[in-house]
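Engineer: Contents of input_22.cif (mmCIF, N, CA and C atoms):
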data_input
loop_
_atom_site.label_atom_id
_atom_site.label_comp_id
_atom_site.auth_asym_id
_atom_site.auth_seq_id
_atom_site.Cartn_x
_atom_site.Cartn_y
_atom_site.Cartn_z
N MET A 1 25.86 -22.47 -9.27
CA MET A 1 27.11 -22.54 -8.55
C MET A 1 26.88 -22.02 -7.13
N VAL A 2 27.65 -22.56 -6.20
CA VAL A 2 27.59 -22.13 -4.80
C VAL A 2 29.01 -21.95 -4.29
N PRO A 3 29.19 -21.10 -3.26
CA PRO A 3 30.53 -20.93 -2.71
C PRO A 3 30.99 -22.22 -2.03
N SER A 4 32.30 -22.46 -2.08
CA SER A 4 32.87 -23.60 -1.35
C SER A 4 32.81 -23.31 0.14
N ARG A 5 33.08 -24.32 0.94
CA ARG A 5 33.05 -24.14 2.40
C ARG A 5 34.02 -23.06 2.86
N ASP A 6 35.19 -22.98 2.22
CA ASP A 6 36.17 -21.96 2.63
C ASP A 6 35.92 -20.61 1.96
N GLY A 7 34.99 -20.57 0.98
CA GLY A 7 34.64 -19.32 0.33
C GLY A 7 35.63 -18.85 -0.71
N ASN A 8 36.60 -19.70 -1.08
CA ASN A 8 37.63 -19.28 -2.02
C ASN A 8 37.33 -19.59 -3.48
N HIS A 9 36.32 -20.42 -3.74
CA HIS A 9 35.97 -20.74 -5.12
C HIS A 9 34.52 -21.21 -5.18
N LEU A 10 34.03 -21.37 -6.41
CA LEU A 10 32.66 -21.84 -6.61
C LEU A 10 32.65 -23.33 -6.93
N GLU A 11 31.57 -23.98 -6.50
CA GLU A 11 31.39 -25.39 -6.78
C GLU A 11 30.01 -25.58 -7.40
N PRO A 12 29.82 -26.62 -8.19
CA PRO A 12 28.49 -26.86 -8.77
C PRO A 12 27.46 -27.13 -7.66
N TYR A 13 26.27 -26.59 -7.85
CA TYR A 13 25.18 -26.83 -6.90
C TYR A 13 24.63 -28.23 -7.14
N THR A 14 24.38 -28.96 -6.07
CA THR A 14 23.71 -30.25 -6.17
C THR A 14 22.44 -30.22 -5.35
N TYR A 15 21.37 -30.66 -5.97
CA TYR A 15 20.06 -30.69 -5.33
C TYR A 15 20.10 -31.66 -4.15
N THR A 16 19.52 -31.25 -3.04
CA THR A 16 19.38 -32.14 -1.89
C THR A 16 17.94 -32.12 -1.43
N GLN A 17 17.52 -33.16 -0.79
CA GLN A 17 16.16 -33.21 -0.25
C GLN A 17 15.96 -32.11 0.78
N ALA A 18 17.01 -31.76 1.50
CA ALA A 18 16.90 -30.76 2.57
C ALA A 18 16.49 -29.39 2.04
N ASP A 19 17.01 -28.97 0.88
CA ASP A 19 16.65 -27.65 0.37
C ASP A 19 15.66 -27.70 -0.79
N GLY A 20 15.28 -28.90 -1.20
CA GLY A 20 14.37 -29.06 -2.33
C GLY A 20 13.04 -28.36 -2.15
N GLY A 21 12.47 -28.40 -0.97
CA GLY A 21 11.19 -27.75 -0.73
C GLY A 21 11.31 -26.27 -0.43
N VAL A 22 12.54 -25.81 -0.21
CA VAL A 22 12.77 -24.42 0.17
C VAL A 22 13.03 -23.55 -1.05
N MET A 23 13.76 -24.07 -2.02
CA MET A 23 14.11 -23.28 -3.19
C MET A 23 12.94 -23.26 -4.17
N THR A 24 12.48 -22.05 -4.49
CA THR A 24 11.40 -21.88 -5.45
C THR A 24 11.80 -20.78 -6.42
N VAL A 25 11.15 -20.74 -7.57
CA VAL A 25 11.40 -19.66 -8.52
C VAL A 25 11.08 -18.33 -7.86
N ASN A 26 9.96 -18.29 -7.14
CA ASN A 26 9.55 -17.06 -6.45
C ASN A 26 10.63 -16.61 -5.46
N GLY A 27 11.13 -17.53 -4.67
CA GLY A 27 12.16 -17.19 -3.69
C GLY A 27 13.45 -16.72 -4.35
N GLU A 28 13.82 -17.36 -5.44
CA GLU A 28 15.04 -16.97 -6.15
C GLU A 28 14.89 -15.59 -6.78
N LEU A 29 13.70 -15.26 -7.29
CA LEU A 29 13.46 -13.92 -7.85
C LEU A 29 13.52 -12.86 -6.76
N HIS A 30 12.97 -13.16 -5.59
CA HIS A 30 13.05 -12.22 -4.47
C HIS A 30 14.50 -12.00 -4.06
N LYS A 31 15.27 -13.08 -4.02
CA LYS A 31 16.68 -12.97 -3.65
C LYS A 31 17.45 -12.15 -4.69
N LEU A 32 17.15 -12.37 -5.96
CA LEU A 32 17.80 -11.62 -7.03
C LEU A 32 17.48 -10.13 -6.92
N ALA A 33 16.20 -9.79 -6.68
CA ALA A 33 15.81 -8.38 -6.52
C ALA A 33 16.55 -7.75 -5.35
N HIS A 34 16.64 -8.47 -4.26
CA HIS A 34 17.33 -7.96 -3.07
C HIS A 34 18.81 -7.75 -3.35
N ASN A 35 19.46 -8.73 -3.95
CA ASN A 35 20.89 -8.63 -4.20
C ASN A 35 21.23 -7.49 -5.16
N ILE A 36 20.42 -7.32 -6.19
CA ILE A 36 20.68 -6.24 -7.14
C ILE A 36 20.44 -4.88 -6.47
N SER A 37 19.32 -4.74 -5.80
CA SER A 37 18.98 -3.46 -5.18
C SER A 37 19.96 -3.06 -4.08
N PHE A 38 20.24 -3.97 -3.20
CA PHE A 38 21.11 -3.65 -2.08
C PHE A 38 22.57 -3.53 -2.52
N GLY A 39 22.99 -4.37 -3.45
CA GLY A 39 24.36 -4.30 -3.92
C GLY A 39 24.66 -3.02 -4.67
N HIS A 40 23.67 -2.52 -5.39
CA HIS A 40 23.88 -1.30 -6.17
C HIS A 40 23.75 -0.04 -5.33
N GLY A 41 22.69 0.05 -4.57
CA GLY A 41 22.40 1.30 -3.89
C GLY A 41 22.96 1.45 -2.50
N ILE A 42 22.76 0.48 -1.66
CA ILE A 42 23.13 0.62 -0.26
C ILE A 42 24.64 0.55 -0.07
N HIS A 43 25.26 -0.50 -0.60
CA HIS A 43 26.69 -0.69 -0.35
C HIS A 43 27.53 0.38 -1.05
N ALA A 44 26.99 0.96 -2.10
CA ALA A 44 27.72 2.02 -2.79
C ALA A 44 27.51 3.37 -2.11
N GLY A 45 26.61 3.43 -1.12
CA GLY A 45 26.35 4.67 -0.40
C GLY A 45 25.51 5.65 -1.19
N ILE A 46 24.74 5.15 -2.17
CA ILE A 46 23.94 6.02 -3.02
C ILE A 46 22.54 6.25 -2.46
N HIS A 47 21.93 5.22 -1.90
CA HIS A 47 20.53 5.30 -1.45
C HIS A 47 20.40 4.91 0.02
N TRP A 48 19.30 5.38 0.60
CA TRP A 48 18.90 4.93 1.92
C TRP A 48 18.30 3.54 1.78
N ARG A 49 18.30 2.77 2.87
CA ARG A 49 17.71 1.44 2.84
C ARG A 49 16.23 1.51 2.44
N SER A 50 15.52 2.52 2.96
CA SER A 50 14.09 2.65 2.62
C SER A 50 13.89 2.87 1.13
N ASP A 51 14.81 3.58 0.46
CA ASP A 51 14.72 3.76 -0.99
C ASP A 51 14.74 2.40 -1.68
N THR A 52 15.65 1.56 -1.25
CA THR A 52 15.81 0.25 -1.85
C THR A 52 14.61 -0.64 -1.56
N ASP A 53 14.11 -0.61 -0.34
CA ASP A 53 12.93 -1.42 0.02
C ASP A 53 11.74 -1.04 -0.85
N TYR A 54 11.49 0.25 -0.98
CA TYR A 54 10.34 0.70 -1.77
C TYR A 54 10.55 0.49 -3.26
N SER A 55 11.80 0.54 -3.72
CA SER A 55 12.04 0.29 -5.15
C SER A 55 11.72 -1.16 -5.50
N MET A 56 11.98 -2.08 -4.58
CA MET A 56 11.65 -3.49 -4.84
C MET A 56 10.13 -3.68 -4.89
N LEU A 57 9.40 -2.99 -4.01
CA LEU A 57 7.94 -3.10 -4.03
C LEU A 57 7.37 -2.49 -5.31
N LEU A 58 7.93 -1.35 -5.74
CA LEU A 58 7.49 -0.73 -6.98
C LEU A 58 7.80 -1.65 -8.16
N GLY A 59 9.00 -2.22 -8.18
CA GLY A 59 9.37 -3.14 -9.25
C GLY A 59 8.45 -4.36 -9.31
N GLU A 60 8.05 -4.83 -8.15
CA GLU A 60 7.13 -5.97 -8.09
C GLU A 60 5.79 -5.61 -8.72
N GLU A 61 5.27 -4.44 -8.42
CA GLU A 61 3.99 -4.00 -8.99
C GLU A 61 4.10 -3.81 -10.49
N VAL A 62 5.21 -3.25 -10.96
CA VAL A 62 5.43 -3.08 -12.40
C VAL A 62 5.48 -4.44 -13.08
N ALA A 63 6.21 -5.39 -12.49
CA ALA A 63 6.32 -6.73 -13.07
C ALA A 63 4.95 -7.41 -13.13
N LEU A 64 4.15 -7.27 -12.08
CA LEU A 64 2.80 -7.87 -12.09
C LEU A 64 1.93 -7.23 -13.16
N SER A 65 2.04 -5.94 -13.35
CA SER A 65 1.27 -5.24 -14.38
C SER A 65 1.66 -5.72 -15.78
N ILE A 66 2.96 -5.87 -16.01
CA ILE A 66 3.43 -6.37 -17.31
C ILE A 66 2.96 -7.80 -17.52
N LEU A 67 3.02 -8.62 -16.48
CA LEU A 67 2.57 -10.01 -16.58
C LEU A 67 1.08 -10.08 -16.91
N LYS A 68 0.29 -9.21 -16.28
CA LYS A 68 -1.16 -9.18 -16.56
C LYS A 68 -1.41 -8.86 -18.03
N ASP A 69 -0.66 -7.92 -18.59
CA ASP A 69 -0.81 -7.58 -20.01
C ASP A 69 -0.35 -8.73 -20.90
N LYS A 70 0.79 -9.30 -20.57
CA LYS A 70 1.38 -10.36 -21.39
C LYS A 70 0.50 -11.61 -21.44
N VAL A 71 -0.10 -11.95 -20.31
CA VAL A 71 -0.94 -13.15 -20.22
C VAL A 71 -2.11 -13.07 -21.21
N GLN A 72 -2.58 -11.87 -21.52
CA GLN A 72 -3.70 -11.71 -22.44
C GLN A 72 -3.35 -12.10 -23.87
N THR A 73 -2.07 -12.21 -24.19
CA THR A 73 -1.65 -12.58 -25.55
C THR A 73 -1.58 -14.08 -25.77
N TYR A 74 -1.74 -14.89 -24.71
CA TYR A 74 -1.65 -16.34 -24.83
C TYR A 74 -2.98 -16.93 -25.25
N SER A 75 -2.93 -17.91 -26.17
CA SER A 75 -4.16 -18.57 -26.58
C SER A 75 -4.57 -19.67 -25.60
N GLU A 76 -3.60 -20.20 -24.85
CA GLU A 76 -3.90 -21.21 -23.84
C GLU A 76 -4.44 -20.52 -22.59
N GLU A 77 -5.26 -21.26 -21.83
CA GLU A 77 -5.77 -20.72 -20.57
C GLU A 77 -4.63 -20.63 -19.57
N VAL A 78 -4.51 -19.46 -18.93
CA VAL A 78 -3.43 -19.22 -17.98
C VAL A 78 -4.00 -18.67 -16.68
N SER A 79 -3.49 -19.17 -15.57
CA SER A 79 -3.83 -18.62 -14.26
C SER A 79 -2.59 -18.71 -13.37
N ILE A 80 -2.10 -17.56 -12.92
CA ILE A 80 -0.88 -17.50 -12.13
C ILE A 80 -1.17 -16.77 -10.82
N THR A 81 -0.69 -17.33 -9.74
CA THR A 81 -0.76 -16.66 -8.43
C THR A 81 0.66 -16.58 -7.90
N ILE A 82 1.03 -15.42 -7.40
CA ILE A 82 2.40 -15.19 -6.93
C ILE A 82 2.38 -14.76 -5.48
N THR A 83 3.33 -15.27 -4.70
CA THR A 83 3.51 -14.79 -3.34
C THR A 83 4.37 -13.54 -3.42
N LYS A 84 3.82 -12.42 -2.99
CA LYS A 84 4.52 -11.14 -3.09
C LYS A 84 5.57 -11.02 -1.98
N MET A 85 6.40 -10.00 -2.06
CA MET A 85 7.48 -9.82 -1.11
C MET A 85 6.99 -9.63 0.32
N ASN A 86 5.76 -9.12 0.47
CA ASN A 86 5.23 -8.92 1.82
C ASN A 86 4.57 -10.18 2.37
N GLY A 87 4.64 -11.28 1.61
CA GLY A 87 4.09 -12.55 2.06
C GLY A 87 2.65 -12.78 1.65
N GLN A 88 1.98 -11.76 1.12
CA GLN A 88 0.60 -11.91 0.68
C GLN A 88 0.58 -12.52 -0.72
N THR A 89 -0.51 -13.20 -1.02
CA THR A 89 -0.69 -13.82 -2.34
C THR A 89 -1.37 -12.81 -3.26
N SER A 90 -0.86 -12.72 -4.48
CA SER A 90 -1.46 -11.82 -5.46
C SER A 90 -2.82 -12.36 -5.90
N ASP A 91 -3.65 -11.47 -6.43
CA ASP A 91 -4.88 -11.93 -7.08
C ASP A 91 -4.47 -12.79 -8.27
N PRO A 92 -5.27 -13.81 -8.61
CA PRO A 92 -4.90 -14.63 -9.76
C PRO A 92 -4.78 -13.80 -11.04
N ILE A 93 -3.73 -14.04 -11.79
CA ILE A 93 -3.52 -13.36 -13.06
C ILE A 93 -4.01 -14.33 -14.13
N LYS A 94 -5.10 -13.94 -14.82
CA LYS A 94 -5.75 -14.85 -15.79
C LYS A 94 -5.90 -14.15 -17.12
N ASN A 95 -6.09 -14.96 -18.15
CA ASN A 95 -6.35 -14.41 -19.47
C ASN A 95 -7.78 -14.67 -19.93
N SER A 96 -8.71 -14.62 -19.03
CA SER A 96 -10.10 -14.89 -19.39
C SER A 96 -10.81 -13.63 -19.81
#
Could I get this file's structure written as structure tokens?

Structural biologist:
Amino acid sequence: MVPSRDGNHLEPYTYTQADGGVMTVNGELHKLAHNISFGHGIHAGIHWRSDTDYSMLLGEEVALSILKDKVQTYSEEVSITITKMNGQTSDPIKNS
């Protein structure tokens, strides 16, 4: 769902060629992390912005660590590379 032009209600999202190459799972996960962190801590006046920035980086490292462990349980060959929040590419996560 996306906001309507006037912002008063939600409308179904429709895929367009213009945003097709822009929207990625990685980008949506980064947006979700940002929205949760900033919506909870900053706007409520609980945390400094730097607290929220570093919590997202810590969460990213925890998620990568869990993914590295989880990948080892798959019988199929797996290789995943993720673009991290700082724009750098992670080392390949493999189950070899």

Engineer: Can you tell me which residues surround Lys94 (chain A) at a distance of at most 8 Å, considering only N, CA and C atoms, apart from same-chain residues fewer than 5 positions away, and format the answer as a ChimeraX atom specification?

Structural biologist: /A:67-68,71-72,77-81

Engineer: Taking the backbone alone, and naming residues the way the document does, which bits of chain A are helix (DSSP H, G or I) by DSSP, as a ChimeraX atom specification?

Structural biologist: /A:17-20,25-42,49-71

Engineer: I'd like the interatomic distance between CA of Gly59 (chain A) and CA of Gly45 (chain A), to a tenth of an Å.

Structural biologist: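 Between these atoms lies a distance of 20.7 Å.
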
Engineer: One number please: atom C of Ile82 (chain A) to CA of Leu64 (chain A), in Å, one decimal.

Structural biologist: 9.6 Å

Engineer: Which residues are near His30 (chain A)? Cut-off 10 Å, only C-alpha atoms, ignore same chain within fewer than 4 positions. Put them as a ChimeraX atom specification.

Structural biologist: /A:24-26,34-35,56,60,83-85

Engineer: Could you jot down the atom N of Pro12 (chain A) to CA of Glu28 (chain A) separation for me, Å, one decimal place?

Structural biologist: 17.8 Å

Engineer: Where does DSSP see strand (DSSP E or B) in chain A, if you list the residues as a compact mmCIF listing (two decimals) with N, CA and C atoms, in the coordinates of the input?

Structural biologist:
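Final output, out.txt:
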# COMPACT_ATOMS: atom_id res chain seq x y z
N VAL A 2 27.65 -22.56 -6.20
CA VAL A 2 27.59 -22.13 -4.80
C VAL A 2 29.01 -21.95 -4.29
N PRO A 3 29.19 -21.10 -3.26
CA PRO A 3 30.53 -20.93 -2.71
C PRO A 3 30.99 -22.22 -2.03
N LEU A 10 34.03 -21.37 -6.41
CA LEU A 10 32.66 -21.84 -6.61
C LEU A 10 32.65 -23.33 -6.93
N GLU A 11 31.57 -23.98 -6.50
CA GLU A 11 31.39 -25.39 -6.78
C GLU A 11 30.01 -25.58 -7.40
N SER A 79 -3.49 -19.17 -15.57
CA SER A 79 -3.83 -18.62 -14.26
C SER A 79 -2.59 -18.71 -13.37
N ILE A 80 -2.10 -17.56 -12.92
CA ILE A 80 -0.88 -17.50 -12.13
C ILE A 80 -1.17 -16.77 -10.82
N THR A 83 3.33 -15.27 -4.70
CA THR A 83 3.51 -14.79 -3.34
C THR A 83 4.37 -13.54 -3.42
N THR A 89 -0.51 -13.20 -1.02
CA THR A 89 -0.69 -13.82 -2.34
C THR A 89 -1.37 -12.81 -3.26
N ILE A 93 -3.73 -14.04 -11.79
CA ILE A 93 -3.52 -13.36 -13.06
C ILE A 93 -4.01 -14.33 -14.13
N LYS A 94 -5.10 -13.94 -14.82
CA LYS A 94 -5.75 -14.85 -15.79
C LYS A 94 -5.90 -14.15 -17.12

Engineer: Report as a PyMOL selection string all protein, DNA and RNA residues lying within 8 Å of Leu57 (chain A), evaluated on only N, CA and C atoms, omitting residues in the same chain fewer than 5 positions from it.

Structural biologist: chain A and resi 51-52+62-63+85-86
